[in-house]
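Enquirer: For reference, the file upload-v5.cif (mmCIF, N, CA and C atoms) is included below:
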data_upload
loop_
_atom_site.label_atom_id
_atom_site.label_comp_id
_atom_site.auth_asym_id
_atom_site.auth_seq_id
_atom_site.Cartn_x
_atom_site.Cartn_y
_atom_site.Cartn_z
N MET A 1 -4.97 -20.10 5.23
CA MET A 1 -5.95 -19.28 4.52
C MET A 1 -5.85 -17.85 5.01
N GLN A 2 -5.74 -16.91 4.07
CA GLN A 2 -5.67 -15.51 4.43
C GLN A 2 -7.06 -14.90 4.44
N LYS A 3 -7.22 -13.90 5.25
CA LYS A 3 -8.42 -13.09 5.16
C LYS A 3 -7.96 -11.65 5.06
N ILE A 4 -8.63 -10.90 4.23
CA ILE A 4 -8.28 -9.50 4.03
C ILE A 4 -9.36 -8.66 4.67
N ILE A 5 -8.93 -7.73 5.49
CA ILE A 5 -9.87 -6.87 6.20
C ILE A 5 -9.60 -5.43 5.78
N ASP A 6 -10.64 -4.74 5.33
CA ASP A 6 -10.54 -3.31 5.05
C ASP A 6 -11.14 -2.58 6.25
N TYR A 7 -10.51 -1.52 6.63
CA TYR A 7 -11.04 -0.78 7.77
C TYR A 7 -10.41 0.59 7.88
N LYS A 8 -11.06 1.45 8.58
CA LYS A 8 -10.50 2.75 8.91
C LYS A 8 -9.73 2.58 10.21
N MET A 9 -8.50 3.05 10.24
CA MET A 9 -7.57 2.79 11.34
C MET A 9 -8.18 3.04 12.71
N ILE A 10 -8.89 4.11 12.88
CA ILE A 10 -9.41 4.47 14.18
C ILE A 10 -10.39 3.43 14.72
N GLU A 11 -11.03 2.67 13.83
CA GLU A 11 -12.03 1.69 14.25
C GLU A 11 -11.42 0.39 14.77
N TYR A 12 -10.15 0.14 14.42
CA TYR A 12 -9.51 -1.10 14.82
C TYR A 12 -8.12 -0.83 15.40
N PRO A 13 -8.05 -0.12 16.52
CA PRO A 13 -6.73 0.24 17.07
C PRO A 13 -5.88 -0.97 17.46
N GLN A 14 -6.49 -2.12 17.68
CA GLN A 14 -5.71 -3.30 18.05
C GLN A 14 -4.82 -3.77 16.90
N LEU A 15 -5.13 -3.40 15.68
CA LEU A 15 -4.30 -3.79 14.54
C LEU A 15 -3.24 -2.75 14.18
N TRP A 16 -3.33 -1.56 14.76
CA TRP A 16 -2.42 -0.46 14.44
C TRP A 16 -0.96 -0.91 14.51
N GLU A 17 -0.52 -1.41 15.64
CA GLU A 17 0.89 -1.78 15.81
C GLU A 17 1.27 -3.01 14.99
N LYS A 18 0.32 -3.90 14.73
CA LYS A 18 0.61 -5.07 13.89
C LYS A 18 0.88 -4.64 12.45
N ILE A 19 0.14 -3.67 11.98
CA ILE A 19 0.36 -3.12 10.63
C ILE A 19 1.72 -2.45 10.57
N PHE A 20 2.02 -1.64 11.57
CA PHE A 20 3.30 -0.94 11.57
C PHE A 20 4.48 -1.89 11.72
N LYS A 21 4.25 -3.03 12.34
CA LYS A 21 5.32 -4.03 12.45
C LYS A 21 5.69 -4.55 11.05
N VAL A 22 4.69 -4.83 10.23
CA VAL A 22 4.95 -5.28 8.86
C VAL A 22 5.67 -4.19 8.08
N ARG A 23 5.19 -2.96 8.18
CA ARG A 23 5.82 -1.86 7.47
C ARG A 23 7.26 -1.64 7.95
N PHE A 24 7.49 -1.77 9.24
CA PHE A 24 8.84 -1.63 9.77
C PHE A 24 9.77 -2.70 9.19
N GLU A 25 9.29 -3.94 9.16
CA GLU A 25 10.10 -5.04 8.62
C GLU A 25 10.46 -4.79 7.16
N VAL A 26 9.47 -4.39 6.36
CA VAL A 26 9.69 -4.22 4.92
C VAL A 26 10.48 -2.96 4.62
N PHE A 27 10.03 -1.83 5.12
CA PHE A 27 10.64 -0.57 4.71
C PHE A 27 11.90 -0.22 5.50
N VAL A 28 11.83 -0.31 6.81
CA VAL A 28 12.97 0.12 7.63
C VAL A 28 14.08 -0.93 7.63
N LYS A 29 13.73 -2.18 7.94
CA LYS A 29 14.76 -3.22 8.03
C LYS A 29 15.27 -3.67 6.67
N GLU A 30 14.37 -4.01 5.75
CA GLU A 30 14.80 -4.54 4.45
C GLU A 30 15.34 -3.46 3.52
N GLN A 31 14.64 -2.31 3.48
CA GLN A 31 14.97 -1.29 2.48
C GLN A 31 15.71 -0.09 3.05
N SER A 32 15.99 -0.10 4.32
CA SER A 32 16.75 0.97 4.98
C SER A 32 16.10 2.35 4.88
N VAL A 33 14.78 2.38 4.87
CA VAL A 33 14.07 3.66 4.92
C VAL A 33 14.24 4.20 6.34
N PRO A 34 14.61 5.47 6.49
CA PRO A 34 14.73 6.03 7.84
C PRO A 34 13.41 5.91 8.60
N ILE A 35 13.50 5.47 9.82
CA ILE A 35 12.29 5.21 10.61
C ILE A 35 11.40 6.44 10.72
N GLU A 36 12.00 7.63 10.76
CA GLU A 36 11.20 8.85 10.90
C GLU A 36 10.40 9.17 9.63
N LEU A 37 10.72 8.53 8.51
CA LEU A 37 9.96 8.73 7.28
C LEU A 37 8.86 7.70 7.08
N GLU A 38 8.90 6.61 7.83
CA GLU A 38 7.97 5.51 7.60
C GLU A 38 6.54 5.87 8.01
N ARG A 39 6.37 6.52 9.12
CA ARG A 39 5.04 6.95 9.54
C ARG A 39 4.89 8.44 9.20
N ASP A 40 3.68 8.82 8.83
CA ASP A 40 3.46 10.23 8.51
C ASP A 40 2.04 10.64 8.86
N GLU A 41 1.72 11.90 8.55
CA GLU A 41 0.42 12.46 8.91
C GLU A 41 -0.74 11.83 8.14
N PHE A 42 -0.45 11.12 7.05
CA PHE A 42 -1.52 10.52 6.26
C PHE A 42 -2.03 9.21 6.86
N ASP A 43 -1.28 8.61 7.78
CA ASP A 43 -1.73 7.35 8.36
C ASP A 43 -3.08 7.48 9.05
N LYS A 44 -3.29 8.54 9.80
CA LYS A 44 -4.55 8.68 10.53
C LYS A 44 -5.69 9.19 9.65
N LYS A 45 -5.35 9.62 8.42
CA LYS A 45 -6.36 10.13 7.49
C LYS A 45 -6.73 9.09 6.44
N SER A 46 -6.10 7.93 6.47
CA SER A 46 -6.25 6.94 5.41
C SER A 46 -7.07 5.74 5.86
N TYR A 47 -7.54 5.00 4.87
CA TYR A 47 -8.11 3.68 5.10
C TYR A 47 -6.95 2.69 4.98
N HIS A 48 -6.97 1.66 5.79
CA HIS A 48 -5.89 0.68 5.79
C HIS A 48 -6.45 -0.71 5.54
N MET A 49 -5.65 -1.52 4.89
CA MET A 49 -6.01 -2.90 4.63
C MET A 49 -4.99 -3.78 5.34
N ALA A 50 -5.47 -4.81 5.96
CA ALA A 50 -4.59 -5.79 6.60
C ALA A 50 -4.89 -7.16 6.02
N VAL A 51 -3.85 -7.90 5.69
CA VAL A 51 -4.00 -9.29 5.30
C VAL A 51 -3.59 -10.10 6.52
N ILE A 52 -4.50 -10.92 7.00
CA ILE A 52 -4.28 -11.66 8.24
C ILE A 52 -4.29 -13.15 7.95
N GLU A 53 -3.25 -13.82 8.42
CA GLU A 53 -3.14 -15.27 8.28
C GLU A 53 -2.82 -15.85 9.65
N ASN A 54 -3.66 -16.75 10.11
CA ASN A 54 -3.47 -17.35 11.44
C ASN A 54 -3.29 -16.28 12.52
N ASP A 55 -4.14 -15.26 12.45
CA ASP A 55 -4.15 -14.15 13.41
C ASP A 55 -2.90 -13.28 13.38
N ILE A 56 -2.10 -13.36 12.31
CA ILE A 56 -0.90 -12.55 12.16
C ILE A 56 -1.06 -11.68 10.92
N VAL A 57 -0.79 -10.38 11.05
CA VAL A 57 -0.82 -9.49 9.89
C VAL A 57 0.42 -9.78 9.06
N ILE A 58 0.19 -10.15 7.78
CA ILE A 58 1.31 -10.48 6.89
C ILE A 58 1.45 -9.46 5.75
N GLY A 59 0.43 -8.62 5.57
CA GLY A 59 0.49 -7.62 4.51
C GLY A 59 -0.41 -6.46 4.82
N THR A 60 -0.11 -5.31 4.20
CA THR A 60 -0.88 -4.11 4.46
C THR A 60 -0.71 -3.11 3.32
N LEU A 61 -1.63 -2.21 3.22
CA LEU A 61 -1.51 -1.03 2.37
C LEU A 61 -2.46 0.01 2.92
N ARG A 62 -2.32 1.24 2.41
CA ARG A 62 -3.25 2.28 2.82
C ARG A 62 -3.78 2.99 1.59
N VAL A 63 -4.99 3.55 1.75
CA VAL A 63 -5.64 4.31 0.69
C VAL A 63 -6.05 5.65 1.29
N TYR A 64 -5.48 6.70 0.75
CA TYR A 64 -5.84 8.06 1.16
C TYR A 64 -6.73 8.64 0.08
N ILE A 65 -7.92 9.09 0.46
CA ILE A 65 -8.86 9.64 -0.51
C ILE A 65 -9.03 11.13 -0.27
N ASP A 66 -8.86 11.88 -1.37
CA ASP A 66 -9.03 13.33 -1.35
C ASP A 66 -9.91 13.68 -2.54
N ASN A 67 -11.16 14.05 -2.25
CA ASN A 67 -12.13 14.36 -3.28
C ASN A 67 -12.38 13.13 -4.13
N LYS A 68 -12.08 13.15 -5.42
CA LYS A 68 -12.33 12.02 -6.31
C LYS A 68 -11.05 11.28 -6.68
N LYS A 69 -9.98 11.50 -5.91
CA LYS A 69 -8.69 10.88 -6.19
C LYS A 69 -8.22 10.09 -4.97
N ALA A 70 -7.72 8.89 -5.23
CA ALA A 70 -7.16 8.06 -4.15
C ALA A 70 -5.67 7.91 -4.39
N LYS A 71 -4.93 7.81 -3.30
CA LYS A 71 -3.50 7.51 -3.39
C LYS A 71 -3.25 6.25 -2.56
N ILE A 72 -2.74 5.23 -3.24
CA ILE A 72 -2.38 3.99 -2.55
C ILE A 72 -0.92 4.08 -2.17
N GLY A 73 -0.63 3.66 -0.96
CA GLY A 73 0.75 3.72 -0.50
C GLY A 73 1.02 2.71 0.59
N ARG A 74 2.29 2.68 0.99
CA ARG A 74 2.76 1.80 2.07
C ARG A 74 2.34 0.35 1.82
N VAL A 75 2.44 -0.08 0.57
CA VAL A 75 2.11 -1.46 0.21
C VAL A 75 3.26 -2.34 0.71
N ALA A 76 2.95 -3.26 1.61
CA ALA A 76 3.99 -4.08 2.22
C ALA A 76 3.48 -5.49 2.47
N LEU A 77 4.32 -6.46 2.18
CA LEU A 77 4.01 -7.87 2.40
C LEU A 77 5.28 -8.52 2.94
N ILE A 78 5.13 -9.31 4.01
CA ILE A 78 6.33 -9.93 4.57
C ILE A 78 7.01 -10.82 3.53
N LYS A 79 8.31 -10.89 3.62
CA LYS A 79 9.14 -11.55 2.61
C LYS A 79 8.70 -12.98 2.31
N GLU A 80 8.35 -13.73 3.34
CA GLU A 80 8.00 -15.14 3.18
C GLU A 80 6.73 -15.36 2.36
N LYS A 81 5.92 -14.33 2.21
CA LYS A 81 4.62 -14.47 1.53
C LYS A 81 4.61 -13.86 0.13
N ARG A 82 5.74 -13.33 -0.31
CA ARG A 82 5.80 -12.73 -1.64
C ARG A 82 5.80 -13.81 -2.72
N GLY A 83 5.31 -13.43 -3.90
CA GLY A 83 5.27 -14.37 -5.02
C GLY A 83 4.11 -15.33 -4.96
N GLN A 84 3.13 -15.07 -4.12
CA GLN A 84 1.98 -15.96 -3.97
C GLN A 84 0.66 -15.29 -4.37
N GLU A 85 0.76 -14.18 -5.12
CA GLU A 85 -0.42 -13.44 -5.60
C GLU A 85 -1.14 -12.66 -4.50
N ILE A 86 -0.60 -12.64 -3.29
CA ILE A 86 -1.26 -11.92 -2.20
C ILE A 86 -1.23 -10.41 -2.47
N GLY A 87 -0.09 -9.90 -2.90
CA GLY A 87 0.03 -8.47 -3.21
C GLY A 87 -0.94 -8.06 -4.31
N LYS A 88 -1.06 -8.89 -5.31
CA LYS A 88 -1.99 -8.62 -6.41
C LYS A 88 -3.42 -8.56 -5.90
N GLU A 89 -3.79 -9.49 -5.04
CA GLU A 89 -5.14 -9.51 -4.47
C GLU A 89 -5.37 -8.28 -3.60
N MET A 90 -4.37 -7.88 -2.83
CA MET A 90 -4.49 -6.67 -2.02
C MET A 90 -4.79 -5.47 -2.92
N MET A 91 -4.04 -5.34 -4.00
CA MET A 91 -4.22 -4.20 -4.90
C MET A 91 -5.58 -4.24 -5.58
N LYS A 92 -6.02 -5.41 -6.01
CA LYS A 92 -7.35 -5.52 -6.63
C LYS A 92 -8.43 -5.06 -5.65
N ARG A 93 -8.29 -5.46 -4.41
CA ARG A 93 -9.28 -5.05 -3.41
C ARG A 93 -9.21 -3.55 -3.14
N ALA A 94 -8.00 -2.99 -3.15
CA ALA A 94 -7.85 -1.54 -2.95
C ALA A 94 -8.49 -0.78 -4.12
N ILE A 95 -8.34 -1.30 -5.33
CA ILE A 95 -8.96 -0.68 -6.50
C ILE A 95 -10.49 -0.74 -6.38
N GLU A 96 -11.01 -1.90 -6.02
CA GLU A 96 -12.45 -2.05 -5.85
C GLU A 96 -12.97 -1.14 -4.73
N PHE A 97 -12.23 -1.05 -3.64
CA PHE A 97 -12.61 -0.17 -2.54
C PHE A 97 -12.68 1.28 -3.03
N SER A 98 -11.69 1.69 -3.83
CA SER A 98 -11.65 3.05 -4.36
C SER A 98 -12.85 3.31 -5.27
N LYS A 99 -13.20 2.33 -6.08
CA LYS A 99 -14.39 2.47 -6.94
C LYS A 99 -15.65 2.63 -6.09
N MET A 100 -15.74 1.86 -5.02
CA MET A 100 -16.89 1.94 -4.13
C MET A 100 -17.00 3.34 -3.51
N LYS A 101 -15.85 3.98 -3.30
CA LYS A 101 -15.82 5.33 -2.72
C LYS A 101 -15.98 6.41 -3.80
N LYS A 102 -16.33 6.00 -5.03
CA LYS A 102 -16.59 6.91 -6.14
C LYS A 102 -15.36 7.69 -6.58
N VAL A 103 -14.19 7.09 -6.43
CA VAL A 103 -12.94 7.69 -6.87
C VAL A 103 -12.86 7.61 -8.39
N GLN A 104 -12.30 8.64 -9.03
CA GLN A 104 -12.16 8.64 -10.48
C GLN A 104 -10.75 8.28 -10.93
N LYS A 105 -9.78 8.48 -10.05
CA LYS A 105 -8.39 8.19 -10.41
C LYS A 105 -7.65 7.72 -9.16
N ILE A 106 -6.80 6.72 -9.37
CA ILE A 106 -5.91 6.24 -8.30
C ILE A 106 -4.48 6.54 -8.72
N VAL A 107 -3.71 7.11 -7.80
CA VAL A 107 -2.30 7.36 -8.06
C VAL A 107 -1.47 6.60 -7.03
N LEU A 108 -0.22 6.36 -7.38
CA LEU A 108 0.73 5.77 -6.44
C LEU A 108 2.14 6.11 -6.91
N ASP A 109 3.08 5.99 -6.01
CA ASP A 109 4.49 6.16 -6.32
C ASP A 109 5.14 4.80 -6.16
N SER A 110 5.49 4.20 -7.29
CA SER A 110 6.05 2.85 -7.29
C SER A 110 7.57 2.88 -7.21
N GLN A 111 8.13 2.00 -6.41
CA GLN A 111 9.56 1.77 -6.51
C GLN A 111 9.79 1.21 -7.91
N THR A 112 10.83 1.68 -8.58
CA THR A 112 11.01 1.34 -9.99
C THR A 112 11.16 -0.15 -10.23
N TYR A 113 11.75 -0.88 -9.28
CA TYR A 113 11.95 -2.31 -9.50
C TYR A 113 10.64 -3.09 -9.56
N ILE A 114 9.55 -2.51 -9.07
CA ILE A 114 8.27 -3.22 -9.05
C ILE A 114 7.23 -2.54 -9.95
N GLU A 115 7.67 -1.64 -10.81
CA GLU A 115 6.78 -0.92 -11.71
C GLU A 115 5.90 -1.86 -12.54
N LYS A 116 6.46 -2.96 -13.03
CA LYS A 116 5.70 -3.90 -13.85
C LYS A 116 4.53 -4.52 -13.07
N PHE A 117 4.72 -4.77 -11.78
CA PHE A 117 3.65 -5.30 -10.95
C PHE A 117 2.41 -4.40 -11.05
N TYR A 118 2.61 -3.09 -10.94
CA TYR A 118 1.50 -2.15 -11.00
C TYR A 118 0.99 -1.96 -12.43
N SER A 119 1.88 -1.96 -13.41
CA SER A 119 1.42 -1.80 -14.79
C SER A 119 0.57 -3.00 -15.21
N ASP A 120 0.87 -4.19 -14.70
CA ASP A 120 0.05 -5.36 -14.98
C ASP A 120 -1.37 -5.22 -14.41
N LEU A 121 -1.54 -4.33 -13.44
CA LEU A 121 -2.85 -4.06 -12.86
C LEU A 121 -3.55 -2.89 -13.56
N GLY A 122 -2.90 -2.33 -14.58
CA GLY A 122 -3.52 -1.25 -15.35
C GLY A 122 -2.97 0.14 -15.08
N PHE A 123 -2.05 0.27 -14.14
CA PHE A 123 -1.48 1.57 -13.84
C PHE A 123 -0.52 1.99 -14.94
N ILE A 124 -0.49 3.29 -15.24
CA ILE A 124 0.38 3.84 -16.27
C ILE A 124 1.38 4.78 -15.62
N SER A 125 2.64 4.62 -15.98
CA SER A 125 3.71 5.47 -15.44
C SER A 125 3.69 6.84 -16.10
N TYR A 126 4.08 7.86 -15.34
CA TYR A 126 4.23 9.20 -15.91
C TYR A 126 5.31 9.96 -15.15
N GLY A 127 5.87 10.95 -15.81
CA GLY A 127 6.89 11.79 -15.17
C GLY A 127 8.24 11.10 -15.14
N ASP A 128 9.15 11.76 -14.46
CA ASP A 128 10.52 11.28 -14.35
C ASP A 128 10.71 10.43 -13.10
N ILE A 129 11.71 9.60 -13.13
CA ILE A 129 12.09 8.83 -11.95
C ILE A 129 12.60 9.82 -10.90
N PHE A 130 12.20 9.59 -9.65
CA PHE A 130 12.62 10.46 -8.55
C PHE A 130 13.04 9.60 -7.37
N MET A 131 13.77 10.19 -6.47
CA MET A 131 14.24 9.48 -5.28
C MET A 131 13.32 9.80 -4.11
N ASP A 132 12.95 8.79 -3.38
CA ASP A 132 12.18 8.94 -2.15
C ASP A 132 12.81 7.99 -1.13
N ALA A 133 13.26 8.52 -0.03
CA ALA A 133 13.94 7.74 1.02
C ALA A 133 15.12 6.96 0.44
N GLY A 134 15.79 7.56 -0.55
CA GLY A 134 16.96 6.93 -1.14
C GLY A 134 16.66 5.82 -2.14
N ILE A 135 15.39 5.67 -2.52
CA ILE A 135 14.96 4.59 -3.41
C ILE A 135 14.34 5.21 -4.67
N PRO A 136 14.74 4.76 -5.88
CA PRO A 136 14.14 5.31 -7.10
C PRO A 136 12.66 4.92 -7.22
N HIS A 137 11.84 5.91 -7.55
CA HIS A 137 10.40 5.75 -7.70
C HIS A 137 9.93 6.35 -9.01
N ILE A 138 8.71 5.96 -9.41
CA ILE A 138 8.05 6.54 -10.58
C ILE A 138 6.57 6.74 -10.22
N HIS A 139 6.00 7.88 -10.67
CA HIS A 139 4.58 8.14 -10.46
C HIS A 139 3.77 7.23 -11.39
N MET A 140 2.64 6.74 -10.90
CA MET A 140 1.76 5.91 -11.71
C MET A 140 0.31 6.29 -11.41
N GLU A 141 -0.57 6.06 -12.40
CA GLU A 141 -1.98 6.36 -12.19
C GLU A 141 -2.87 5.35 -12.91
N LEU A 142 -4.08 5.27 -12.41
CA LEU A 142 -5.10 4.39 -13.00
C LEU A 142 -6.40 5.18 -13.04
N GLU A 143 -6.90 5.42 -14.24
CA GLU A 143 -8.20 6.08 -14.41
C GLU A 143 -9.30 5.04 -14.21
N LEU A 144 -10.30 5.39 -13.44
CA LEU A 144 -11.40 4.45 -13.18
C LEU A 144 -12.64 4.83 -14.00
#
Give the structure from this file in structure tokens form.
Expert:
Amino acid sequence: MQKIIDYKMIEYPQLWEKIFKVRFEVFVKEQSVPIELERDEFDKKSYHMAVIENDIVIGTLRVYIDNKKAKIGRVALIKEKRGQEIGKEMMKRAIEFSKMKKVQKIVLDSQTYIEKFYSDLGFISYGDIFMDAGIPHIHMELEL
């Protein structure tokens, strides 16, 4: 049984490295994102979500809120847990969290291979495909 915990990073420092371990596995090891690009200045300014199963973090994402706009990023789920609707549940909770924070629009940069995952949640693609860390991405948004 998974439990999803929403929290501001500073309040739960014991989960900091567990979250980054998942992100390292997904982005750096699996997708060859340069390690220096994986962490950035937005980590300490964002809200983070952890999916915990048997006391192990198996998934994470972050929500950065600026005024009435949220940006969801660093969505990561360990390989063994994909295809089980966990990512979808994480995103639904992030959307609800954003609504609770009175956000009017959520944006994200989707890797193109997973664009349909986000469009199924109501996100609409816009702009041209661009490269980020050597991976093709597309901008997406959801009006609330």
Enquirer: Name all residues at most 7 Å from Ser110 (chain A) (count all atoms listed in the file; drop same-chain ones fewer than 4 positions away) and give them as a PyMOL selection string.
Expert: chain A and resi 114-115+136-140
Enquirer: Expressed in Å to a single decimal, how great is the separation between CA of Tyr64 (chain A) and atom N of Lys45 (chain A)?
Expert: 7.4 Å
Enquirer: Just to confirm, what's the straight-line distance from CA of Ala70 (chain A) to CA of Lys105 (chain A) in Å (one decimal)?
Expert: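 Rounded to one decimal, the two atoms are 6.4 Å apart.
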Enquirer: Between A:Lys44, A:Leu121, A:Glu80, A:Leu37, which residue has the minimum interatomic distance to Lys92 (chain A), considering only N, CA and C atoms?
Expert: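 Between A:Lys44, A:Leu121, A:Glu80, A:Leu37, the residue approaching Lys92 (chain A) most closely is A:Leu121.
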Enquirer: Grab the CA of Gln31 (chain A) to CA of Asn54 (chain A) distance for me, in Å with one decimal place.
Expert: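 Calculated distance between CA of Gln31 (chain A) and CA of Asn54 (chain A) is 26.0 Å.
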Enquirer: Among region 13-127 of chain A, which residues does DSSP mark as strand (DSSP E) when it is run on the backbone? Keep the chain and numbering as in the structure and answer as an NGL selection string.
Expert: :A and (47-53 or 56-66 or 69-77 or 105-111 or 124-127)
Enquirer: Counting only C-alpha atoms, what is within 12 Å of Val28 (chain A), bar same-chain residues fewer than 4 positions away, as a list in words?
Expert: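 So the residues in contact are Phe20, Lys21, Val22, Arg23, Phe24, Ser32, Val33, Pro34, Ile35, Glu36, Leu37, Glu38, Arg39, Arg74, Ala76, Ala133 and Gly134 of chain A.
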Enquirer: Enumerate the residues of chain A with a DSSP assignment of helix (DSSP H, G or I), computed from the backbone, and present them as a ChimeraX atom specification.
Expert: /A:9-11,13-30,35-38,43-45,79-81,86-100,112-119
Enquirer: Using the chain letters and numbers from the file, which residues does the PyMOL selection byres ((chain A and resi 60) around 7) grab, as an NGL selection string?
Expert: :A and (19 or 22 or 48-51 or 57-59 or 61-62 or 73-78)
Enquirer: To test your reading of the syntax: which residues would the PyMOL selection byres ((chain A and resi 99-102) around 8) return for the file shown? Reply as a ChimeraX atom specification.
Expert: /A:67-70,93-98,103-105,144
Enquirer: Of the candidates A:Glu30, A:Ile124, A:Leu15, A:Val63, which shows the shortest atom-to-atom distance to Ser46 (chain A), using only N, CA and C atoms?
Expert: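 Going through A:Glu30, A:Ile124, A:Leu15, A:Val63 one by one, the smallest distance to Ser46 (chain A) is for A:Val63.
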Enquirer: Can you spell out as a PyMOL selection string the set of residues that the PyMOL selection byres ((chain A and resi 123) around 7) selects in the structure I just provided?
Expert: chain A and resi 118-122+124-125+140-143
Enquirer: Would you please work out which residue, of A:Asp109, A:Glu25, A:Asp40, A:Glu17, is nearest to Lys71 (chain A) when using all atoms listed in the file?
Expert: A:Asp109
